[in-house]
Amino acid sequence: MPEPTATTIVTDDATTTAVPTADVVVTATLKPGQLPADACPEPTMTMEDFLAKAKEKCIGDSIAAIYKDAQARLPYQTRFFHVASDYYSWPYSHRARVMGCPSTFHLCKTLTFENTKFKQDESKPIDEDRYWTVIVQYEGAVNITKLEKAVREKTGASRKATHMRIAPAEKSFELTGFKEGGVCPVGMRTDLPILVSKELADLSPKIFYLGAGHLDWKIAVPFDGFVENWSTRVVDFS
């Protein structure tokens, strides 16, 4: 059986890699025009120290939740990125290049949707058929008609009982533990059902990039491993 690859953390000015045997964070400074894969790493700190440093900046709890969930389900197969605070002002091409992303089509976002016509079972605090996590490419779009069809097929709800809309930010935070811009399907507070655009299945390589608990943090996840290890359905809703 091949050795697992290391979990890597990439910042806007450096690349850090967690080595499986010692859980060591390794940093490599990037030169202008250099991609993360080109850099030569040097050990700097343990992963425990790294997470403690992140917590000092009041973002550690969400990052730690994502990291622990990723390591539990996909040990040493995810990659974390710390980006500049003006990341969302950049064009997609620049965002992709900074993270060494294969293409802009690999850049994705996580949305929390609500079926506003769903009749809540009062005996349950949260009914999983009401709220959904949806993953779509930034270069793509969510076709509500197709999304509602996918939800009906999964739940057996009627057309009249299905009306999908993006959930309020406050409700999304309550369910996921992440604020807008950092919503991530990994490490969520609530185990919501996840719908992934089938466009992601055609990516090459099959890896996608998402927000990771904070505006300045991103995570890269292997598509097949994600689908196998999370409550996920691949759906045509674009």
# chains A, B, ... in the order shown; residues from 1 in each chain; ligands from 1

call {"tool": "select_by_dssp", "arguments": {"residues": "segment 52-188 of chain A", "states": "strand (DSSP E)", "output": "list in words"}}
result
Arg79, Phe80, Phe81, His82, Cys108, Lys109, Thr110, Leu111, Thr112, Phe113, Glu114, Asn115, Tyr131, Trp132, Thr133, Val134, Ile135, Val136, Gln137, Met164, Arg165 and Ile166 of chain A

call {"tool": "closest_atom_pairs", "arguments": {"of": "segment 153-232 of chain A", "to": "segment 96-113 of chain A", "cutoff": "12 Å", "atoms": "only C-alpha atoms", "output": "tab-separated table"}}
result
residue	atom	partner	partner_atom	distance
A:Thr162	CA	A:Phe113	CA	11.7
A:His163	CA	A:Phe113	CA	9.9
A:Met164	CA	A:Phe113	CA	6.4
A:Arg165	CA	A:Phe113	CA	5.5
A:Ile166	CA	A:Phe113	CA	4.3
A:Ala167	CA	A:Phe113	CA	4.9
A:Pro168	CA	A:Thr112	CA	8.4
A:Ala169	CA	A:Thr112	CA	8.5
A:Glu170	CA	A:Thr112	CA	10.7
A:Lys171	CA	A:Thr112	CA	8.7
A:Ser172	CA	A:Thr112	CA	5.9
A:Phe173	CA	A:Thr112	CA	9.2
A:Glu174	CA	A:Thr112	CA	10.8
A:Leu175	CA	A:Thr112	CA	8.8
A:Thr176	CA	A:Thr112	CA	8.5
A:Gly177	CA	A:Thr112	CA	11.6
A:Phe178	CA	A:Thr110	CA	10.5
A:Lys179	CA	A:Leu111	CA	10.9
A:Glu180	CA	A:Leu111	CA	8.9
A:Gly181	CA	A:Lys109	CA	8.2
A:Gly182	CA	A:Thr110	CA	8.3
A:Val183	CA	A:Thr110	CA	5.8
A:Cys184	CA	A:Thr110	CA	5.9
A:Pro185	CA	A:Thr110	CA	6.9
A:Val186	CA	A:Thr110	CA	10.2
A:Met188	CA	A:Thr112	CA	11.2
A:Thr190	CA	A:Thr112	CA	11.5
A:Leu192	CA	A:Thr112	CA	9.2
A:Pro193	CA	A:Thr112	CA	10.2
A:Ile194	CA	A:Thr112	CA	9.4
A:Leu195	CA	A:Thr110	CA	9.8
A:Val196	CA	A:Thr110	CA	9.3
A:Ser197	CA	A:Cys108	CA	9.8
A:Glu199	CA	A:Phe105	CA	9.0
A:Leu200	CA	A:His106	CA	7.6
A:Ala201	CA	A:His106	CA	10.6
A:Asp202	CA	A:Phe105	CA	10.2
A:Leu203	CA	A:His106	CA	7.1
A:Ser204	CA	A:Pro102	CA	7.9
A:Pro205	CA	A:Pro102	CA	7.5
A:Lys206	CA	A:His106	CA	8.5
A:Ile207	CA	A:His106	CA	6.9
A:Phe208	CA	A:His106	CA	4.9
A:Tyr209	CA	A:Leu107	CA	5.0
A:Leu210	CA	A:Cys108	CA	5.3
A:Gly211	CA	A:Lys109	CA	6.6
A:Ala212	CA	A:Thr110	CA	9.8
A:Gly213	CA	A:Thr110	CA	10.8
A:Leu215	CA	A:Lys109	CA	11.6
A:Trp217	CA	A:Met99	CA	11.0
A:Lys218	CA	A:Met99	CA	9.0
A:Ile219	CA	A:Met99	CA	9.8
A:Ala220	CA	A:Cys101	CA	8.9
A:Val221	CA	A:His106	CA	10.3
A:Pro222	CA	A:His106	CA	10.8
A:Phe223	CA	A:His106	CA	10.4
